[in-house]
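Pasted below: work_27.txt, compact mmCIF, C-alpha atoms.
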# COMPACT_ATOMS: atom_id res chain seq x y z
CA MET A 1 0.00 0.00 0.00
CA ASN A 2 1.38 3.39 -1.00
CA ARG A 3 2.10 5.94 1.69
CA SER A 4 1.43 9.66 1.31
CA TRP A 5 4.34 12.05 1.30
CA ILE A 6 3.16 13.63 4.55
CA GLU A 7 3.47 10.24 6.30
CA LEU A 8 7.01 9.89 5.03
CA VAL A 9 7.92 13.41 6.16
CA PHE A 10 6.94 12.63 9.76
CA ASP A 11 8.18 9.04 9.81
CA GLY A 12 10.36 8.35 12.85
CA ARG A 13 13.11 6.92 10.65
CA PHE A 14 13.63 10.34 9.04
CA ALA A 15 13.72 12.37 12.25
CA ALA A 16 17.36 13.40 11.79
CA VAL A 17 16.74 14.54 8.21
CA ARG A 18 13.64 16.47 9.29
CA VAL A 19 15.45 18.23 12.13
CA LEU A 20 18.42 19.02 9.91
CA ALA A 21 16.16 20.61 7.30
CA LEU A 22 14.35 22.76 9.88
CA ALA A 23 17.59 23.73 11.59
CA GLY A 24 19.03 24.70 8.22
CA LEU A 25 16.09 27.00 7.58
CA LEU A 26 16.52 28.60 10.99
CA MET A 27 20.25 29.03 10.42
CA GLY A 28 19.40 30.82 7.21
CA ASP A 29 17.18 33.14 9.24
CA LEU A 30 20.03 33.83 11.65
CA LEU A 31 22.60 34.48 8.96
CA LEU A 32 20.45 36.38 6.48
CA LEU A 33 17.83 38.17 8.55
CA GLN A 34 18.77 38.33 12.24
CA ARG A 35 22.53 38.52 11.67
CA PRO A 36 24.02 38.33 15.20
CA SER A 37 26.28 41.33 15.66
CA GLY A 38 28.71 40.24 18.34
CA ALA A 39 30.68 37.18 19.35
CA GLN A 40 28.27 36.56 22.22
CA ASP A 41 25.23 36.47 19.97
CA ARG A 42 26.99 34.29 17.42
CA GLY A 43 28.06 31.90 20.16
CA LEU A 44 24.53 31.65 21.58
CA ALA A 45 23.08 31.17 18.09
CA ALA A 46 25.62 28.45 17.33
CA ALA A 47 24.84 26.71 20.62
CA GLY A 48 21.11 26.82 19.89
CA PHE A 49 21.70 25.46 16.38
CA VAL A 50 23.84 22.59 17.69
CA LEU A 51 21.22 21.71 20.29
CA CYS A 52 18.55 21.72 17.57
CA LEU A 53 20.64 19.29 15.54
CA ALA A 54 21.08 17.11 18.62
CA ALA A 55 17.29 16.89 18.83
CA GLY A 56 17.46 14.47 15.94
CA ARG A 57 18.58 11.85 18.47
CA TRP A 58 18.15 13.33 21.96
CA ALA A 59 15.09 15.55 21.63
CA PHE A 60 14.17 15.67 25.33
CA GLY A 61 17.67 16.48 26.59
CA ALA A 62 18.19 19.02 23.81
CA LEU A 63 14.95 20.80 24.74
CA LEU A 64 15.94 21.05 28.41
CA ALA A 65 19.31 22.47 27.40
CA GLN A 66 17.64 24.97 25.03
CA SER A 67 15.35 26.14 27.83
CA VAL A 68 18.37 26.86 30.02
CA LEU A 69 20.14 28.53 27.08
CA LEU A 70 17.08 30.73 26.52
CA VAL A 71 17.22 31.98 30.15
CA VAL A 72 20.97 32.64 29.88
CA ALA A 73 20.55 34.54 26.59
CA HIS A 74 17.84 36.72 28.08
CA ALA A 75 19.98 37.40 31.15
CA LEU A 76 22.86 38.48 28.87
CA ASP A 77 20.45 40.69 26.91
CA ALA A 78 21.41 38.90 23.71
CA GLY A 79 19.80 39.79 20.41
CA THR A 80 19.12 36.17 19.49
CA VAL A 81 16.48 35.40 22.13
CA ALA A 82 13.66 35.31 19.56
CA SER A 83 15.61 32.94 17.32
CA LEU A 84 16.42 30.68 20.27
CA LYS A 85 12.70 30.52 21.12
CA VAL A 86 11.95 29.35 17.60
CA LEU A 87 14.70 26.72 17.80
CA ALA A 88 13.32 25.46 21.13
CA ALA A 89 9.77 25.39 19.73
CA VAL A 90 11.00 23.28 16.78
CA THR A 91 12.65 20.87 19.18
CA LEU A 92 9.48 20.61 21.27
CA PHE A 93 7.44 19.93 18.13
CA GLU A 94 9.86 17.16 17.14
CA LEU A 95 9.68 15.64 20.62
CA ALA A 96 5.86 15.65 20.55
CA VAL A 97 5.84 14.04 17.10
CA ARG A 98 8.17 11.23 18.10
CA ARG A 99 7.28 10.39 21.71
CA PRO A 100 3.97 10.10 23.58
CA GLY A 101 3.59 10.30 27.35
CA ARG A 102 5.23 12.53 29.90
CA HIS A 103 8.41 13.59 28.10
CA PRO A 104 6.71 16.05 25.71
CA ALA A 105 4.67 17.46 28.63
CA LEU A 106 7.80 17.88 30.79
CA GLY A 107 9.67 19.46 27.89
CA ALA A 108 6.80 21.90 27.24
CA ALA A 109 6.70 22.76 30.97
CA ALA A 110 10.46 23.47 30.98
CA LEU A 111 10.21 25.74 27.92
CA ALA A 112 7.16 27.53 29.35
CA LEU A 113 9.03 28.06 32.63
CA ALA A 114 12.00 29.55 30.77
CA VAL A 115 9.73 31.97 28.92
CA ALA A 116 7.98 32.91 32.18
CA VAL A 117 11.31 33.45 33.98
CA ASN A 118 12.42 35.77 31.20
CA ARG A 119 9.22 37.79 31.65
CA LEU A 120 9.33 38.06 35.49
CA ALA A 121 9.81 41.80 35.19
CA ASP A 122 6.39 42.05 33.52
CA LEU A 123 4.60 40.24 36.35
CA PRO A 124 2.09 40.52 37.89
CA GLY A 125 0.64 43.38 35.83
CA ASP A 126 1.13 41.77 32.42
CA LEU A 127 0.13 38.25 33.46
CA LEU A 128 -2.15 37.60 30.49
CA PRO A 129 0.46 38.58 27.84
CA VAL A 130 3.03 36.37 29.59
CA LEU A 131 0.62 33.43 29.67
CA TYR A 132 -0.23 33.98 26.03
CA LYS A 133 3.43 34.02 25.02
CA THR A 134 4.18 30.85 26.96
CA GLY A 135 1.17 29.23 25.31
CA VAL A 136 2.38 30.19 21.85
CA VAL A 137 6.00 29.17 22.43
CA ALA A 138 5.36 25.97 24.43
CA GLY A 139 1.70 24.99 24.05
CA LEU A 140 1.28 25.37 20.29
CA PRO A 141 4.26 23.18 19.27
CA LEU A 142 3.14 20.56 21.82
CA LEU A 143 -0.40 20.41 20.41
CA LEU A 144 0.72 20.42 16.78
CA GLY A 145 3.26 17.68 17.38
CA ALA A 146 0.76 15.55 19.29
CA TYR A 147 -1.80 16.02 16.49
CA VAL A 148 0.70 14.97 13.84
CA ARG A 149 1.74 11.93 15.88
CA VAL A 150 -1.86 10.79 16.51
CA THR A 151 -2.79 11.28 12.85
CA ARG A 152 0.32 9.46 11.66
CA ASP A 153 -0.22 6.55 14.06
CA ALA A 154 -3.87 6.29 13.00
CA ALA A 155 -2.80 6.13 9.35
CA VAL A 156 -0.21 3.47 10.17
CA HIS A 157 -2.75 1.39 12.09
CA ALA A 158 -5.31 1.74 9.29
CA ARG A 159 -2.73 0.62 6.76
CA GLN A 160 -1.76 -2.34 8.93
CA ARG A 161 -5.41 -3.33 9.36
CA ALA A 162 -5.96 -3.10 5.61
CA GLU A 163 -2.90 -5.26 4.98
CA GLN A 164 -4.08 -7.79 7.56
CA GLN A 165 -7.55 -7.88 6.01
CA GLU A 166 -6.03 -8.37 2.58
CA LEU A 167 -3.84 -11.16 3.91
CA ARG A 168 -6.82 -12.83 5.59
CA ALA A 169 -8.82 -12.55 2.37
CA GLU A 170 -6.00 -14.17 0.43
CA GLN A 171 -5.72 -16.94 3.02
CA GLN A 172 -9.47 -17.53 2.91
CA LEU A 173 -9.34 -17.70 -0.88
CA LEU A 174 -6.47 -20.18 -0.77
CA THR A 175 -8.35 -22.25 1.82
CA ALA A 176 -11.49 -22.24 -0.32
CA ARG A 177 -9.52 -23.27 -3.39
CA ALA A 178 -7.81 -26.05 -1.45
CA ALA A 179 -11.21 -27.28 -0.23
CA GLU A 180 -12.55 -27.25 -3.80
CA ARG A 181 -9.52 -29.17 -5.08
CA THR A 182 -9.88 -31.68 -2.27
CA THR A 183 -13.57 -32.19 -3.04
CA ILE A 184 -12.86 -32.70 -6.75
CA ALA A 185 -10.00 -35.05 -5.97
CA ARG A 186 -12.18 -37.09 -3.63
CA GLU A 187 -14.96 -37.39 -6.21
CA LEU A 188 -12.50 -38.37 -8.94
CA HIS A 189 -10.95 -40.99 -6.68
CA ASP A 190 -14.15 -42.40 -5.21
CA LEU A 191 -16.29 -42.36 -8.36
CA VAL A 192 -14.39 -42.08 -11.64
CA ALA A 193 -11.22 -43.91 -10.59
CA HIS A 194 -13.30 -46.61 -8.95
CA HIS A 195 -15.26 -47.28 -12.14
CA VAL A 196 -12.17 -47.16 -14.36
CA SER A 197 -10.41 -49.57 -12.02
CA SER A 198 -13.41 -51.90 -12.26
CA MET A 199 -13.25 -51.64 -16.06
CA VAL A 200 -9.56 -52.54 -16.08
CA LEU A 201 -10.25 -55.55 -13.88
CA ARG A 202 -13.17 -56.78 -16.00
CA VAL A 203 -11.30 -56.31 -19.27
CA GLY A 204 -8.39 -58.25 -17.79
CA VAL A 205 -10.73 -61.10 -16.90
CA ALA A 206 -12.20 -61.02 -20.40
CA ARG A 207 -8.72 -61.22 -21.92
CA HIS A 208 -7.95 -64.37 -19.94
CA VAL A 209 -11.28 -65.93 -20.90
CA VAL A 210 -10.78 -65.11 -24.56
CA ALA A 211 -7.19 -66.37 -24.47
CA ALA A 212 -8.44 -69.75 -23.25
CA THR A 213 -10.71 -70.07 -26.29
CA SER A 214 -8.88 -71.36 -29.32
CA THR A 215 -11.54 -70.24 -31.82
CA THR A 216 -11.51 -66.58 -30.80
CA ASP A 217 -11.03 -64.06 -33.57
CA PRO A 218 -7.57 -62.46 -33.13
CA ARG A 219 -9.13 -59.06 -33.71
CA ILE A 220 -11.17 -59.42 -30.53
CA THR A 221 -7.98 -60.14 -28.59
CA GLU A 222 -6.37 -57.08 -30.15
CA VAL A 223 -9.30 -54.85 -29.18
CA LEU A 224 -9.35 -56.17 -25.62
CA ASP A 225 -5.60 -55.63 -25.28
CA ASP A 226 -5.94 -52.07 -26.51
CA LEU A 227 -8.90 -51.44 -24.22
CA HIS A 228 -7.02 -52.82 -21.23
CA SER A 229 -3.99 -50.66 -22.04
CA SER A 230 -6.08 -47.52 -22.54
CA ALA A 231 -8.04 -48.07 -19.33
CA GLY A 232 -4.83 -48.67 -17.39
CA ALA A 233 -3.31 -45.46 -18.78
CA ALA A 234 -6.49 -43.55 -17.91
CA LEU A 235 -6.38 -44.90 -14.37
CA THR A 236 -2.73 -43.85 -14.02
CA ASP A 237 -3.53 -40.36 -15.28
CA LEU A 238 -6.47 -40.10 -12.90
CA ARG A 239 -4.28 -41.01 -9.94
CA ARG A 240 -1.73 -38.41 -11.01
CA LEU A 241 -4.46 -35.80 -11.37
CA VAL A 242 -5.81 -36.60 -7.92
CA ALA A 243 -2.30 -36.23 -6.50
CA VAL A 244 -1.88 -32.84 -8.19
CA LEU A 245 -5.25 -31.63 -6.90
CA ARG A 246 -4.43 -32.67 -3.34
CA ALA A 247 -0.87 -31.29 -3.35
CA PRO A 248 -0.47 -28.74 -6.19
CA ASP A 249 2.85 -27.45 -4.83
CA ARG A 250 4.54 -30.84 -4.95
CA THR A 251 6.76 -31.72 -7.87
CA GLY A 252 7.98 -35.06 -9.04
CA PRO A 253 7.38 -37.79 -11.57
CA ASP A 254 4.01 -38.71 -10.06
CA THR A 255 2.62 -35.28 -9.36
CA GLY A 256 4.19 -33.03 -11.96
CA SER A 257 3.04 -32.40 -15.49
CA LEU A 258 1.91 -35.43 -17.46
CA VAL A 259 4.37 -34.61 -20.23
CA SER A 260 7.89 -33.42 -19.53
CA PRO A 261 9.77 -30.98 -21.78
CA GLY A 262 11.46 -32.90 -24.60
CA ALA A 263 9.06 -35.85 -24.39
CA LEU A 264 6.21 -34.18 -26.27
CA ALA A 265 7.01 -35.74 -29.65
CA ALA A 266 6.91 -39.26 -28.21
CA ALA A 267 3.69 -38.47 -26.35
CA LEU A 268 2.07 -37.20 -29.56
CA GLU A 269 3.17 -40.34 -31.40
CA SER A 270 1.49 -42.41 -28.70
CA VAL A 271 -1.72 -40.40 -29.17
CA VAL A 272 -1.59 -40.98 -32.92
CA GLU A 273 -1.08 -44.73 -32.46
CA HIS A 274 -4.03 -44.85 -30.09
CA GLY A 275 -6.17 -43.08 -32.69
CA ARG A 276 -5.15 -45.62 -35.31
CA ARG A 277 -6.10 -48.49 -33.04
CA THR A 278 -9.60 -47.01 -32.76
CA GLY A 279 -9.98 -47.38 -36.55
CA LEU A 280 -9.08 -43.82 -37.53
CA ALA A 281 -6.58 -43.42 -40.38
CA VAL A 282 -4.27 -40.79 -38.94
CA THR A 283 -1.35 -39.03 -40.58
CA ALA A 284 0.78 -36.83 -38.39
CA SER A 285 3.34 -34.11 -38.97
CA VAL A 286 5.13 -32.91 -35.81
CA ASP A 287 7.75 -30.18 -35.86
CA PRO A 288 10.90 -31.37 -34.00
CA ARG A 289 11.09 -27.93 -32.36
CA VAL A 290 8.16 -28.83 -30.10
CA ALA A 291 10.81 -30.46 -27.88
CA GLY A 292 11.77 -26.91 -26.80
CA LEU A 293 8.31 -26.02 -25.55
CA ASP A 294 7.75 -25.49 -21.86
CA ALA A 295 5.77 -28.05 -19.87
CA VAL A 296 2.56 -26.00 -19.75
CA ARG A 297 2.30 -25.47 -23.49
CA GLY A 298 3.50 -28.98 -24.18
CA LEU A 299 0.68 -30.33 -22.06
CA ALA A 300 -1.81 -28.07 -23.87
CA VAL A 301 -0.64 -29.34 -27.29
CA LEU A 302 -0.91 -32.95 -26.09
CA ARG A 303 -4.43 -32.43 -24.72
CA LEU A 304 -5.54 -30.72 -27.93
CA ALA A 305 -4.25 -33.64 -29.99
CA GLN A 306 -5.91 -36.19 -27.71
CA GLU A 307 -9.30 -34.48 -27.69
CA GLY A 308 -9.21 -33.55 -31.36
CA LEU A 309 -8.41 -37.08 -32.54
CA ALA A 310 -10.92 -38.56 -30.10
CA ASN A 311 -13.61 -36.30 -31.57
CA ALA A 312 -12.57 -37.27 -35.11
CA ALA A 313 -12.88 -40.96 -34.24
CA LYS A 314 -16.21 -40.40 -32.52
CA HIS A 315 -17.91 -38.18 -35.07
CA GLY A 316 -16.04 -38.96 -38.29
CA GLY A 317 -17.44 -42.47 -38.46
CA PRO A 318 -15.81 -45.74 -39.58
CA GLY A 319 -13.06 -45.33 -42.16
CA ALA A 320 -12.58 -41.62 -41.50
CA ARG A 321 -9.19 -40.13 -42.18
CA ALA A 322 -7.60 -37.46 -39.98
CA GLU A 323 -4.53 -35.26 -40.21
CA LEU A 324 -2.60 -33.90 -37.22
CA ALA A 325 -0.09 -31.10 -37.77
CA VAL A 326 1.95 -29.44 -35.03
CA ARG A 327 4.48 -26.81 -36.03
CA VAL A 328 6.38 -23.97 -34.42
CA ALA A 329 6.60 -20.71 -36.38
CA GLY A 330 8.41 -17.87 -34.69
CA ASP A 331 6.84 -17.33 -31.29
CA THR A 332 3.67 -19.32 -32.00
CA VAL A 333 2.75 -22.99 -31.85
CA HIS A 334 0.18 -24.05 -34.45
CA VAL A 335 -1.97 -27.16 -33.96
CA THR A 336 -4.28 -28.34 -36.75
CA ILE A 337 -6.55 -31.41 -36.72
CA HIS A 338 -8.71 -32.14 -39.75
CA ASP A 339 -10.88 -35.14 -40.50
CA ASP A 340 -12.73 -35.81 -43.76
CA GLY A 341 -15.82 -37.32 -42.14
CA ALA A 342 -15.75 -40.12 -44.67
CA GLY A 343 -17.58 -42.55 -42.43
CA ARG A 344 -20.31 -40.16 -41.31
CA THR A 345 -23.62 -41.36 -42.76
CA ARG A 346 -25.94 -38.89 -41.02
CA PRO A 347 -25.69 -35.65 -38.95
CA PRO A 348 -24.83 -35.94 -35.26
CA ALA A 349 -27.82 -36.58 -33.05
CA PRO A 350 -29.18 -33.52 -31.24
CA GLY A 351 -28.45 -33.19 -27.58
CA PRO A 352 -25.54 -32.37 -25.28
CA SER A 353 -22.27 -32.38 -27.15
CA GLY A 354 -20.05 -32.83 -24.12
CA HIS A 355 -17.40 -30.52 -22.74
CA GLY A 356 -14.40 -31.43 -24.87
CA LEU A 357 -14.48 -28.37 -27.14
CA ILE A 358 -15.27 -26.08 -24.19
CA GLY A 359 -12.32 -27.46 -22.24
CA MET A 360 -9.98 -27.06 -25.20
CA ARG A 361 -11.08 -23.46 -25.70
CA GLU A 362 -10.60 -22.65 -22.00
CA ARG A 363 -7.15 -24.22 -22.00
CA VAL A 364 -6.11 -22.18 -25.04
CA ASP A 365 -7.59 -18.95 -23.64
CA LEU A 366 -5.67 -19.37 -20.39
CA LEU A 367 -2.44 -19.38 -22.38
CA GLY A 368 -3.40 -16.30 -24.38
CA GLY A 369 -3.98 -18.25 -27.57
CA ARG A 370 -6.77 -18.66 -30.11
CA LEU A 371 -8.85 -21.69 -31.10
CA ASP A 372 -11.22 -22.13 -34.05
CA ALA A 373 -13.29 -25.23 -34.70
CA GLY A 374 -16.10 -25.99 -37.11
CA PRO A 375 -17.29 -27.93 -40.11
CA THR A 376 -15.63 -27.71 -43.53
CA ALA A 377 -16.78 -28.75 -46.99
CA ARG A 378 -15.77 -32.27 -46.01
CA GLY A 379 -15.43 -33.11 -42.37
CA TRP A 380 -14.29 -30.97 -39.44
CA ARG A 381 -11.29 -28.76 -38.79
CA LEU A 382 -9.77 -27.56 -35.51
CA THR A 383 -6.97 -25.00 -35.44
CA ALA A 384 -5.24 -23.59 -32.39
CA GLU A 385 -2.49 -21.03 -31.94
CA LEU A 386 -0.49 -20.85 -28.72
CA PRO A 387 2.18 -18.25 -27.95
CA SER A 388 5.35 -20.15 -27.20
CA LEU A 389 7.44 -19.61 -24.07
CA ALA A 390 11.18 -19.90 -23.65
CA PRO A 391 12.28 -22.81 -21.42
CA ASP A 392 13.98 -20.45 -18.95
CA MET A 393 10.63 -18.69 -18.44
CA GLU A 394 8.74 -21.89 -17.62
CA PRO A 395 5.96 -21.22 -15.12
CA GLN A 396 5.34 -23.37 -12.08
CA LEU A 397 2.58 -25.92 -12.43
Produce structure tokens that represent the structure in this file.
Amino acid sequence: MNRSWIELVFDGRFAAVRVLALAGLLMGDLLLLQRPSGAQDRGLAAAGFVLCLAAGRWAFGALLAQSVLLVVAHALDAGTVASLKVLAAVTLFELAVRRPGRHPALGAAALALAVAVNRLADLPGDLLPVLYKTGVVAGLPLLLGAYVRVTRDAAVHARQRAEQQELRAEQQLLTARAAERTTIARELHDLVAHHVSSMVLRVGVARHVVAATSTTDPRITEVLDDLHSSAGAALTDLRRLVAVLRAPDRTGPDTGSLVSPGALAAALESVVEHGRRTGLAVTASVDPRVAGLDAVRGLAVLRLAQEGLANAAKHGGPGARAELAVRVAGDTVHVTIHDDGAGRTRPPAPGPSGHGLIGMRERVDLLGGRLDAGPTARGWRLTAELPSLAPDMEPQL
């Protein structure tokens, strides 16, 4: 939170600078306007100036010494009495700004006593003028200093309360996010992972049953093997995702990104092979420079390829052909997935279309990219552009 210049001026850390500036102004008054005529006046003025400078560290002691000096100067009939009063008033103001309690009150009483002692000759007839002068010299600096100190302390306390409230709000937000992640992780583990695990187990049983039958079509065995492998990979990814949701700050092979920098090309090849096993004729063109992408953008490219090819297999129909192209041009990563829809015999059935396209668009938007998807003259095309990021600027997952 920014602080106003007035707070900085009266900050306790800058007391010496503040006193030096005021003393410098008063010295200018002595040298340019008052101009002490004799050695006595110059000596008294110098002593008052030194005591004012000492107020930067010992304000209370300097004020007591200035009060005594003021009485001595008046007794010597010096011409610098008025200037010494101003110096003492500045010291009292500084004391009231910096310290609460009895020290400012005692210092003001000492200065008021010095002024009253110097005006004894005017008492008792001129009592009111003497009281007024003591009030101006001692009371006014005391009140002004106390006002500045109270106002400054109130501003400091308000700023501290605001910072504490902001910190509490941030902590509450982090707690809420952690609770949300924990809830999602629990649901994924207890529901989705449970069902996927059951699928893996049942497919494994089916593989053993089919293997014991000599007349089984080899294609059935191939499909079951692929299904078992895909379900096992999905279960592994789910467990990793649950671990990331429960402990997002942890890093490691089991809780980090699902694709490490440099391994993107191999991961994309695995996605392409999986698409081919589903019956989709896939051709792929992957720029070798994708190995230099950071983990976040690498994961985005992998997820786009997975979802795009899965949609092509789902909606393109049997015998559909798809093309996957990933290239790096300058500071941008381009991902294109196009299927010809050769196996589609009728339009997609009306109803919910799922969240795949929405998720892809959100992922691209988070990275500051652009995604376009829609039908073409033959089939469907998805294009995405992601701004690339240098490896040394890789964000934390």
Which residue, A:Leu268, A:Val115, A:Leu304, A:Leu63, has the smallest gap to A:Asp287 when you use only C-alpha atoms?
A:Leu268
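What separates atom CA of A:Val136 from atom CA of A:Gly38 is a distance of 28.4 Å.
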So, counting only C-alpha atoms, which residue among A:Ala105, A:Ile184, A:Gly279, A:Ala54 is closest to A:Thr91?
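Nearest candidate to A:Thr91 out of A:Ala105, A:Ile184, A:Gly279, A:Ala54: A:Ala54.
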Which residue is closest to A:Val203? Choose from A:Thr215, A:Asp190, A:Ser229, A:Asp331 and count only C-alpha atoms.
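Once distances to A:Val203 are computed over only C-alpha atoms, the minimum belongs to A:Ser229.
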Of the listed residues A:Val86, A:Val286, A:Leu142, A:Leu69, that which approaches A:Arg98 most closely, counting all atoms listed in the file:
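For A:Arg98, the nearest of the candidates is A:Leu142.
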Tell me which protein, DNA and RNA residues are within 12 Å of A:Ala320, counting all atoms listed in the file, leaving out same-chain ones fewer than 2 positions away, and put them as JSON, numbers by chain.
{"A": [275, 276, 278, 279, 280, 281, 282, 283, 309, 310, 311, 312, 313, 314, 315, 316, 317, 318, 322, 323, 338, 339, 340, 341, 342, 343, 344, 345, 378, 379, 380]}
Could you write those residues out with C-alpha atoms, as a short mmCIF file (atom, residue, chain, number, x, y, z; two decimals), in the frame of the given file?
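Saved file result24.cif follows:
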data_model
loop_
_atom_site.label_atom_id
_atom_site.label_comp_id
_atom_site.auth_asym_id
_atom_site.auth_seq_id
_atom_site.Cartn_x
_atom_site.Cartn_y
_atom_site.Cartn_z
CA GLY A 275 -6.17 -43.08 -32.69
CA ARG A 276 -5.15 -45.62 -35.31
CA THR A 278 -9.60 -47.01 -32.76
CA GLY A 279 -9.98 -47.38 -36.55
CA LEU A 280 -9.08 -43.82 -37.53
CA ALA A 281 -6.58 -43.42 -40.38
CA VAL A 282 -4.27 -40.79 -38.94
CA THR A 283 -1.35 -39.03 -40.58
CA LEU A 309 -8.41 -37.08 -32.54
CA ALA A 310 -10.92 -38.56 -30.10
CA ASN A 311 -13.61 -36.30 -31.57
CA ALA A 312 -12.57 -37.27 -35.11
CA ALA A 313 -12.88 -40.96 -34.24
CA LYS A 314 -16.21 -40.40 -32.52
CA HIS A 315 -17.91 -38.18 -35.07
CA GLY A 316 -16.04 -38.96 -38.29
CA GLY A 317 -17.44 -42.47 -38.46
CA PRO A 318 -15.81 -45.74 -39.58
CA ALA A 322 -7.60 -37.46 -39.98
CA GLU A 323 -4.53 -35.26 -40.21
CA HIS A 338 -8.71 -32.14 -39.75
CA ASP A 339 -10.88 -35.14 -40.50
CA ASP A 340 -12.73 -35.81 -43.76
CA GLY A 341 -15.82 -37.32 -42.14
CA ALA A 342 -15.75 -40.12 -44.67
CA GLY A 343 -17.58 -42.55 -42.43
CA ARG A 344 -20.31 -40.16 -41.31
CA THR A 345 -23.62 -41.36 -42.76
CA ARG A 378 -15.77 -32.27 -46.01
CA GLY A 379 -15.43 -33.11 -42.37
CA TRP A 380 -14.29 -30.97 -39.44
#
Who sits within 7 Å of A:His228, only C-alpha atoms, same chain under 2 positions skipped, as a PyMOL selection string
chain A and resi 200+203-204+224-226+230-232
What is the atom CA of A:Val71-atom CA of A:Ala138 distance in Å, reported with one decimal?
14.5 Å
Residues within 12 Å of A:Ser67, all atoms listed in the file, excluding chain neighbours under 4 positions, as a PyMOL selection string:
chain A and resi 47-48+51-52+60-63+71-74+81+84-89+91-92+106-118+137-138
Atom CA of A:Leu366 sits from atom CA of A:Pro387 at a separation of 11.0 Å
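With only C-alpha atoms as the atoms that count, the residue of A:Leu128, A:Leu174, A:Val333, A:Val97 with the shortest distance to A:Asp153 is A:Val97.
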